[in-house]
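**Q** The structure that follows is given in the form of structure tokens.
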Amino acid sequence: MPEQPPIERPQSDPAQSDRSMIEIRNVTRSYGSFKALDDASLTIKEGEFFSLLGPSGCGKTTLLRMIAGFDNPTSGSIAVGGQPMEGIPANRRPTNMVFQSYAIFPHLNVEQNVAYGLKRLRLQGGEEKRRVEEALAQVSLTGLGKRLATELSGGQRQRVALARALVMRPKVLLLDEPLSALDKKLREQMQVELRRLQQAVGITFVLVTHDQYEALAMSDRIAVMFGGRIAQVASPKEIYQRPVNRQVADFLGGMNFVKAEIVEENGASLIVDTLGFGRVKTDKPKAFMRNGGAATLGIRPERLRVLWDNATAKFEVAGKVVERHYFGEITHLIVEIPGLEKPLSVTETNDFGADDIPVGTPIRLAYDPEALVAMGD
Amino acid sequence: MRARRLLSGGWLSVYAFLYIVFLYLPVIFLPIFSINTAPTPKFPLTGFTLQWYADLPHTPALLDAAWNSLKVGVCASVLATVLGILAARSITRYRYPGRRAINGLIMAPLVLPEVIVAISMLLVMLQLGLSLSLFTVVLGHVLICIPYSMTVLTSGFEGFDRSLEEASADLGESAFGTFRRVTLPMVAPAIISSLLVCFTISLDEFIIAFFLTGTEATLPIYIWGQLRFASKLPGVLALGTLLLVASFVLMTVAEVLRRRAARRTQNEGGLYA
């Protein structure tokens with residue numbers, strides 16, 4: 001068999017321009033004693049697809065509305081395109097928004113909705129009409145210009161809202177949970193389209209969402225927020241693979257947590273002892289705070305592989321299947337490992353018959369020590 | 001089983017028919033006798049005539065009363081609607097303690113005995129040293145119109161998605177521009193509907209006008225006055241028929257507009273969470 005050239009591993013996306021588009025500095029928003037946003041700082045780069053991800057009430061929408069100008073920071077500052085936004089009302093900011101309810105004007109047709117903001121610019125010689133046509137084409141609504149808002153489907157309204165904002169050629173497009181009202185299939189289709197559109201127009205997009213898959217699928221970078229604070233800002237891959245704490249890890253999908261004891265701590269790495277996985281060397285997270293001698297390791301369920309028959313791996317743990325859940329293309333196994341206080345959950349594709357493993361079977365699991373990440377609590 | 005259902009269905013239709021007859025029979029007599037040649041409202045009918053209608057424009061007192069009613073109706077409906085807009089906007093848009101209580105208090109005149117309201121208002125006007133005139137009638141009519149105005153307007157404003165106004169601001173429009181291009185067109189049908197309802201109520205209202213007017217009669221007061229003269233009865237019937245038709249048309253238009261406004265303000269785009 002002729003030797004095949006190794007598949008070149010692509011580097012992560014070519015970096016966007018490093019010029020910052022939005023600077024958020026120590027922004028706090030209090031309502032009485034309640035802090036909706038607590039000392040948040042963030043830089044969003046020009047041309048970036050940036051997501052604010054978190055559960056409801058985490059302050060992500062508050063932050064978005066403050067960028068748009070519908071709300072003001074109690075303290076701290078926001079700048080867009082190098083220009084401080086303090087005292088500038090929403091109608092004079094270089095941002096446009098796609099609302100969660102879409103906010104399509106029901107008394108106007110599609111064209112009039114899209115042209116709404118252009119009317120004030122008093123464009124000459126058919127320029128307005130040209131730009132409306134262009135925006136409708138961008139969102140694949142060509143030919144529907146005369147339809148009334150009440151005659152549109154949810155997906156079409158969403159597109160009108162997008163076109164109406166894009167036609168203004170804003171520096172930043174803000175999207176407030178734009179896909180939450182659509183059904184699953186349409187939502188997945190729109191995720192791809194939104195990403196494609198963003199790359200075509202090159203405008204900075206800031207998306208608010210509580211759906212981790214949506215954020216992972218579309219974003220260049222994600223800020224994960226909890227209780228008014230920004231927990232982590234990183235690329236989707238980094239957020240998923242190297243969450244800074246249990247909360248972020250949990251929010252981004254399933255994660256097995258394993259208690260560990262620190263044996264050695266130096267520069268960039270940690271050596272820890274665990275009951276199930278033995279001694280492990282792992283990267284030390286940037287913001288690692290030593291909490292006595294204890295640490296937490298996490299491993300995603302899909303990073304544990306079932307070892308069939310006599311197969312062996314360099315790193316393996318042995319246990320017993322205690323539960324099995326079938327999900328079509330994958331099977332979820334719950335595996336008890338002697339020494340671990342909580343059984344591990346394992347996601348295995350069904351190619352090799354993971355869906356047929358009887359409960360109670362002894363089983364061995366292979367893992368890559370790289371996949372065991374240390375994190376704060 | 002089937003027979004019984006038919007029977008009960010039959011009885012139900014009879015009941016429904018009698019119900020409607022009871023409601024509308026008196027109203028039907030008015031137009032019938034107004035085109036009868038005999039001056040007394042009695043069966044059998046003697047012949048068809050439009051004489052009584054033709055005489056109406058030649059009665060100066062009637063024209064004065066109509067003109068007074070028009071003035072009072074326009075003033076009362078505009079005032080009540082303006083006040084209604086402010087209250088309805090506040091009640092549908094903001095959340096504050098006492099909101100429901102305030103709403104209840106504004107709606108209360110709807111169920112107060114009108115004669116009591118009229119007497120109380122008369123006392124207040126006299127205490128204030130106001131002399132009775134069409135102006136005092138307007139004040140009285142504003143009082144009883146506001147609850148109706150509120151009902152129509154809150155149903156028009158309810159569910160007005162605030163993000164519509166935000167979207168307008170976001171697209172560069174000023175506060176006044178937003179009001180002109182978004183808010184007003186959305187709620188205009190409700191406002192017109194409120195004006196029509198209030199005008200109709202003022203036009204037909206008798207007790208308050210009777211107590212609060214000085215020497216100037218409105219249409220219902222004029223009709224009341226004419227009832228003393230048997231010979232004037234056909235004219236009253238003709239005038240009454242016209243008022244009935246006018247009220248019916250105005251109310252229908254108002255209801256159509258109110259529904260349109262209620263439909264408009266509901267932005268069915270998605271969730272409001």
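Each chain of the structure tokens is named A, B, ... in the order shown, its residues numbered from 1; ligands are numbered from 1 in display order.
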For Ala217 of chain B, list every protein, DNA or RNA residue within 8 Å, evaluated using only C-alpha atoms, and leave out those in the same chain fewer than 5 positions away; present the list as a tab-separated table (two decimals) with N, CA and C atoms, in the first residue's frame.

**A**
chain	number	residue	atom	x	y	z
B	64	ASP	N	-81.22	73.63	16.45
B	64	ASP	CA	-80.40	74.15	17.56
B	64	ASP	C	-79.94	73.00	18.44
B	65	ALA	N	-80.91	72.13	18.78
B	65	ALA	CA	-80.58	71.02	19.67
B	65	ALA	C	-79.55	70.11	19.02
B	68	ASN	N	-76.21	71.76	19.23
B	68	ASN	CA	-75.69	71.65	20.60
B	68	ASN	C	-75.13	70.26	20.86
B	222	TYR	N	-84.43	67.69	23.81
B	222	TYR	CA	-85.42	68.21	22.88
B	222	TYR	C	-86.55	67.20	22.68

**Q** Run DSSP on the backbone and give me the residues of segment 99-237 of chain A it puts in strand (DSSP E), as a list of chain:residue names.

**A**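 Secondary structure check on segment 99-237 of chain A, strand (DSSP E): A:Val172, A:Leu173, A:Leu174, A:Leu175, A:Asp176, A:Thr204, A:Phe205, A:Val206, A:Leu207, A:Val208, A:Thr209, A:Arg221, A:Ile222, A:Ala223, A:Val224, A:Met225, A:Phe226, A:Arg229, A:Ile230, A:Ala231, A:Gln232, A:Val233, A:Ala234.
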
**Q** Could you turn the residues from that selection into a file that holds C-alpha atoms, as a PDB file, in the first residue's frame?

**A**
ATOM      1  CA  VAL A 172     -21.973  46.024  14.729  1.00  0.00           C
ATOM      2  CA  LEU A 173     -25.014  43.798  14.339  1.00  0.00           C
ATOM      3  CA  LEU A 174     -26.558  42.755  17.640  1.00  0.00           C
ATOM      4  CA  LEU A 175     -28.676  39.591  17.738  1.00  0.00           C
ATOM      5  CA  ASP A 176     -30.858  38.914  20.763  1.00  0.00           C
ATOM      6  CA  THR A 204     -19.013  42.349  13.613  1.00  0.00           C
ATOM      7  CA  PHE A 205     -21.863  40.183  14.957  1.00  0.00           C
ATOM      8  CA  VAL A 206     -22.665  39.967  18.656  1.00  0.00           C
ATOM      9  CA  LEU A 207     -25.080  37.141  19.428  1.00  0.00           C
ATOM     10  CA  VAL A 208     -26.885  36.536  22.701  1.00  0.00           C
ATOM     11  CA  THR A 209     -27.901  32.926  23.254  1.00  0.00           C
ATOM     12  CA  ARG A 221     -15.208  33.545  20.220  1.00  0.00           C
ATOM     13  CA  ILE A 222     -17.607  33.051  23.112  1.00  0.00           C
ATOM     14  CA  ALA A 223     -18.003  34.769  26.459  1.00  0.00           C
ATOM     15  CA  VAL A 224     -19.659  32.453  28.985  1.00  0.00           C
ATOM     16  CA  MET A 225     -21.559  34.375  31.652  1.00  0.00           C
ATOM     17  CA  PHE A 226     -23.008  33.417  35.027  1.00  0.00           C
ATOM     18  CA  ARG A 229     -20.061  37.920  35.633  1.00  0.00           C
ATOM     19  CA  ILE A 230     -18.027  36.816  32.659  1.00  0.00           C
ATOM     20  CA  ALA A 231     -16.572  33.411  33.510  1.00  0.00           C
ATOM     21  CA  GLN A 232     -14.497  32.719  30.405  1.00  0.00           C
ATOM     22  CA  VAL A 233     -13.792  34.280  27.025  1.00  0.00           C
ATOM     23  CA  ALA A 234     -12.249  31.989  24.420  1.00  0.00           C
TER      24      ALA A 234
END

**Q** What's around segment 26-42 of chain A at 7 Å? Count only C-alpha atoms, leave out sequence neighbours fewer than 3 positions away in its own chain, and write the answer as a PDB file with C-alpha atoms, in the first residue's frame.

**A**
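See result-v8.pdb below for the written result:
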ATOM      1  CA  GLU A  23     -14.476  47.861  24.298  1.00  0.00           C
ATOM      2  CA  GLY A  59     -26.729  39.429  32.277  1.00  0.00           C
ATOM      3  CA  PRO A  73     -24.203  51.113  32.694  1.00  0.00           C
ATOM      4  CA  THR A  74     -24.400  52.102  36.358  1.00  0.00           C
ATOM      5  CA  SER A  75     -20.628  52.368  36.159  1.00  0.00           C
ATOM      6  CA  GLY A  76     -17.968  51.557  33.605  1.00  0.00           C
ATOM      7  CA  SER A  77     -17.723  52.435  29.949  1.00  0.00           C
ATOM      8  CA  GLY A 228     -23.710  38.903  35.943  1.00  0.00           C
ATOM      9  CA  ARG A 229     -20.061  37.920  35.633  1.00  0.00           C
ATOM     10  CA  ILE A 230     -18.027  36.816  32.659  1.00  0.00           C
TER      11      ILE A 230
END

**Q** Have a look at A:Gly87, A:Pro243, A:Gly155, A:Gly81 and name the one nearest to chain B; count only C-alpha atoms.

**A**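 So, comparing all the options, the nearest one is A:Gly155.
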
**Q** Taking only C-alpha atoms into account, what are the residues of chain A at most 9 Å from chain B, put as a ChimeraX atom specification?

**A** /A:68-70,89-93,95-107,116-118,120,150,153-154,157-158,164-165,168,180-182

**Q** As a list in words, please: the residues near segment 186-188 of chain A (cut-off 12 Å, only C-alpha atoms, same-chain neighbours under 5 positions excluded).

**A**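 Final neighbour list, sorted by chain and number: Ser153, Gly154, Gly155, Gln156, Gln158, Arg159, Glu177, Pro178, Leu179, Ser180, Ala181, Glu193, Leu194, Arg195, Asp211, Tyr213, Glu214, Ala215, Ala217 and Met218 of chain A.
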
**Q** As an exercise, work out the distance from atom CA of Val321 of chain A to atom CA of Thr361 of chain A in Å and give it to one decimal place.

**A**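 Going from atom CA of Val321 of chain A over to atom CA of Thr361 of chain A, I get 5.5 Å.
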
**Q** Do a neighbour search on segment 22-38 of chain B at 7 Å with only C-alpha atoms, toss out local chain neighbours closer than 4 positions, and write the hits as number ranges by chain.

**A** B: 18, 45-50, 52, 234, 237-238, 241

**Q** Based on the selection just made, write C-alpha atoms of those residues as a PDB file, in the first residue's frame.

**A**
ATOM      1  CA  LEU B  18     -88.014  35.246  21.741  1.00  0.00           C
ATOM      2  CA  LEU B  45    -100.817  51.238   9.634  1.00  0.00           C
ATOM      3  CA  THR B  46    -102.569  53.742   7.416  1.00  0.00           C
ATOM      4  CA  GLY B  47    -100.027  54.419   4.671  1.00  0.00           C
ATOM      5  CA  PHE B  48     -96.432  55.209   3.785  1.00  0.00           C
ATOM      6  CA  THR B  49     -94.951  58.723   4.057  1.00  0.00           C
ATOM      7  CA  LEU B  50     -91.603  60.434   4.499  1.00  0.00           C
ATOM      8  CA  TRP B  52     -92.172  63.497   9.125  1.00  0.00           C
ATOM      9  CA  PRO B 234     -94.332  61.581  14.507  1.00  0.00           C
ATOM     10  CA  LEU B 237     -90.269  59.121  16.002  1.00  0.00           C
ATOM     11  CA  ALA B 238     -88.505  60.199  12.819  1.00  0.00           C
ATOM     12  CA  THR B 241     -85.078  56.628  14.114  1.00  0.00           C
TER      13      THR B 241
END

**Q** What residues in segment 103-266 of chain B get the DSSP label helix (DSSP H, G or I)? Please answer as a PyMOL selection string.

**A** chain B and resi 103-110+114-128+134-157+162-170+175-204+207-212+219-226+230-265

**Q** If you keep C-alpha atoms, can you produce a file of those selected residues as a CSV table (one decimal), in the first residue's frame?

**A**
chain,number,residue,atom,x,y,z
B,103,ASN,CA,-58.0,50.9,36.7
B,104,GLY,CA,-61.0,49.9,38.8
B,105,LEU,CA,-61.7,53.4,40.0
B,106,ILE,CA,-61.6,54.7,36.4
B,107,MET,CA,-64.0,52.1,35.3
B,108,ALA,CA,-66.4,52.6,38.2
B,109,PRO,CA,-68.7,55.3,36.7
B,110,LEU,CA,-69.8,52.6,34.3
B,114,GLU,CA,-76.5,57.8,36.4
B,115,VAL,CA,-79.1,59.8,38.2
B,116,ILE,CA,-76.9,59.9,41.3
B,117,VAL,CA,-73.9,60.9,39.3
B,118,ALA,CA,-75.9,63.6,37.7
B,119,ILE,CA,-77.1,65.0,41.0
B,120,SER,CA,-73.6,64.8,42.5
B,121,MET,CA,-72.2,66.6,39.6
B,122,LEU,CA,-74.9,69.3,39.7
B,123,LEU,CA,-74.0,69.9,43.4
B,124,VAL,CA,-70.3,70.1,42.6
B,125,MET,CA,-70.8,72.5,39.7
B,126,LEU,CA,-73.0,74.8,41.8
B,127,GLN,CA,-70.5,74.7,44.7
B,128,LEU,CA,-67.7,75.6,42.2
B,134,LEU,CA,-73.2,73.1,27.5
B,135,PHE,CA,-69.8,73.3,29.1
B,136,THR,CA,-71.0,71.6,32.3
B,137,VAL,CA,-72.7,69.0,30.1
B,138,VAL,CA,-69.4,68.3,28.4
B,139,LEU,CA,-67.8,67.8,31.8
B,140,GLY,CA,-70.5,65.4,32.8
B,141,HIS,CA,-70.2,63.5,29.6
B,142,VAL,CA,-66.4,63.2,29.9
B,143,LEU,CA,-66.9,61.6,33.2
B,144,ILE,CA,-69.2,58.9,31.9
B,145,CYS,CA,-67.3,58.5,28.6
B,146,ILE,CA,-63.9,57.8,30.1
B,147,PRO,CA,-64.7,54.2,31.1
B,148,TYR,CA,-65.8,53.4,27.6
B,149,SER,CA,-62.8,55.1,26.1
B,150,MET,CA,-60.5,53.2,28.5
B,151,THR,CA,-62.1,49.8,27.5
B,152,VAL,CA,-61.6,50.5,23.8
B,153,LEU,CA,-58.1,51.9,24.2
B,154,THR,CA,-56.7,49.3,26.6
B,155,SER,CA,-57.8,46.6,24.2
B,156,GLY,CA,-56.0,48.5,21.4
B,157,PHE,CA,-52.8,49.2,23.4
B,162,ARG,CA,-42.4,47.6,23.2
B,163,SER,CA,-39.6,46.3,21.0
B,164,LEU,CA,-41.4,47.9,18.0
B,165,GLU,CA,-40.6,51.3,19.4
B,166,GLU,CA,-37.1,50.2,20.3
B,167,ALA,CA,-36.6,48.8,16.8
B,168,SER,CA,-37.6,52.2,15.4
B,169,ALA,CA,-35.1,54.0,17.6
B,170,ASP,CA,-32.5,51.4,16.8
B,175,ALA,CA,-38.6,59.8,19.7
B,176,PHE,CA,-41.1,62.0,17.9
B,177,GLY,CA,-40.4,60.2,14.6
B,178,THR,CA,-41.0,56.9,16.3
B,179,PHE,CA,-44.3,58.2,17.7
B,180,ARG,CA,-45.4,59.4,14.2
B,181,ARG,CA,-44.2,56.5,12.2
B,182,VAL,CA,-44.9,53.5,14.5
B,183,THR,CA,-46.9,54.3,17.6
B,184,LEU,CA,-49.6,56.5,16.0
B,185,PRO,CA,-50.3,54.3,13.0
B,186,MET,CA,-50.5,51.3,15.2
B,187,VAL,CA,-53.0,52.8,17.7
B,188,ALA,CA,-54.9,55.1,15.4
B,189,PRO,CA,-57.8,52.7,14.8
B,190,ALA,CA,-58.2,52.4,18.6
B,191,ILE,CA,-58.2,56.1,19.1
B,192,ILE,CA,-60.8,56.7,16.3
B,193,SER,CA,-62.9,53.9,17.7
B,194,SER,CA,-62.8,55.6,21.1
B,195,LEU,CA,-63.8,58.9,19.6
B,196,LEU,CA,-66.8,57.3,17.9
B,197,VAL,CA,-67.9,55.4,21.0
B,198,CYS,CA,-67.7,58.5,23.2
B,199,PHE,CA,-69.5,60.6,20.6
B,200,THR,CA,-72.3,58.1,20.4
B,201,ILE,CA,-72.7,57.9,24.1
B,202,SER,CA,-72.7,61.7,24.5
B,203,LEU,CA,-75.2,62.0,21.6
B,204,ASP,CA,-77.7,59.6,23.3
B,207,ILE,CA,-80.0,62.3,32.4
B,208,ILE,CA,-76.7,64.1,32.9
B,209,ALA,CA,-77.5,66.5,30.1
B,210,PHE,CA,-80.9,67.1,31.6
B,211,PHE,CA,-79.4,68.0,35.0
B,212,LEU,CA,-76.4,69.9,33.9
B,219,LEU,CA,-81.2,66.2,21.1
B,220,PRO,CA,-82.5,63.8,23.8
B,221,ILE,CA,-83.7,66.8,25.9
B,222,TYR,CA,-85.4,68.2,22.9
B,223,ILE,CA,-87.1,64.9,22.3
B,224,TRP,CA,-88.2,64.7,26.0
B,225,GLY,CA,-89.7,68.2,25.6
B,226,GLN,CA,-91.6,67.3,22.4
B,230,ALA,CA,-99.1,64.6,20.9
B,231,SER,CA,-99.0,66.3,17.5
B,232,LYS,CA,-95.2,66.4,17.6
B,233,LEU,CA,-94.9,62.6,18.1
B,234,PRO,CA,-94.3,61.6,14.5
B,235,GLY,CA,-91.4,64.1,14.3
B,236,VAL,CA,-90.0,62.6,17.4
B,237,LEU,CA,-90.3,59.1,16.0
B,238,ALA,CA,-88.5,60.2,12.8
B,239,LEU,CA,-85.8,61.9,14.8
B,240,GLY,CA,-85.5,58.9,17.1
B,241,THR,CA,-85.1,56.6,14.1
B,242,LEU,CA,-82.3,58.8,12.7
B,243,LEU,CA,-80.5,58.8,16.1
B,244,LEU,CA,-80.9,55.0,16.3
B,245,VAL,CA,-79.4,54.5,12.8
B,246,ALA,CA,-76.6,57.0,13.5
B,247,SER,CA,-75.7,55.2,16.8
B,248,PHE,CA,-75.8,51.8,15.2
B,249,VAL,CA,-73.5,52.9,12.4
B,250,LEU,CA,-71.0,54.7,14.6
B,251,MET,CA,-70.8,51.8,17.0
B,252,THR,CA,-70.3,49.3,14.2
B,253,VAL,CA,-67.5,51.3,12.7
B,254,ALA,CA,-66.0,51.8,16.1
B,255,GLU,CA,-66.0,48.0,16.8
B,256,VAL,CA,-64.4,47.2,13.5
B,257,LEU,CA,-61.7,49.7,14.1
B,258,ARG,CA,-61.1,48.4,17.7
B,259,ARG,CA,-60.6,44.9,16.4
B,260,ARG,CA,-58.3,46.0,13.8
B,261,ALA,CA,-56.2,47.9,16.4
B,262,ALA,CA,-56.1,44.9,18.7
B,263,ARG,CA,-55.0,42.7,15.8
B,264,ARG,CA,-52.3,45.2,14.8
B,265,THR,CA,-50.6,45.6,18.1

**Q** Taking only C-alpha atoms into account, name the residue in A:Ser345, A:Asn245, A:Gln212, A:Gln138 that is nearest to Gln199 of chain A.

**A**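 With only C-alpha atoms as the atom set, the closest residue is A:Gln138.
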
**Q** How far is it from atom CA of Gly298 of chain A to atom CA of Arg242 of chain A, in Å with one decimal?

**A** 9.1 Å

**Q** Using Å and a single decimal, report how far atom CA of Thr296 of chain A sits from atom CA of Lys259 of chain A.

**A**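 Spanning atom CA of Lys259 of chain A to atom CA of Thr296 of chain A is a straight-line distance of 5.0 Å.
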
**Q** Using only C-alpha atoms for the distances, tell me which of A:Ser20, A:Ser269, A:Asn72, A:Asn109 is nearest to Ala374 of chain A.

**A**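 Residue with the minimum atom-to-atom distance to Ala374 of chain A: A:Ser269.
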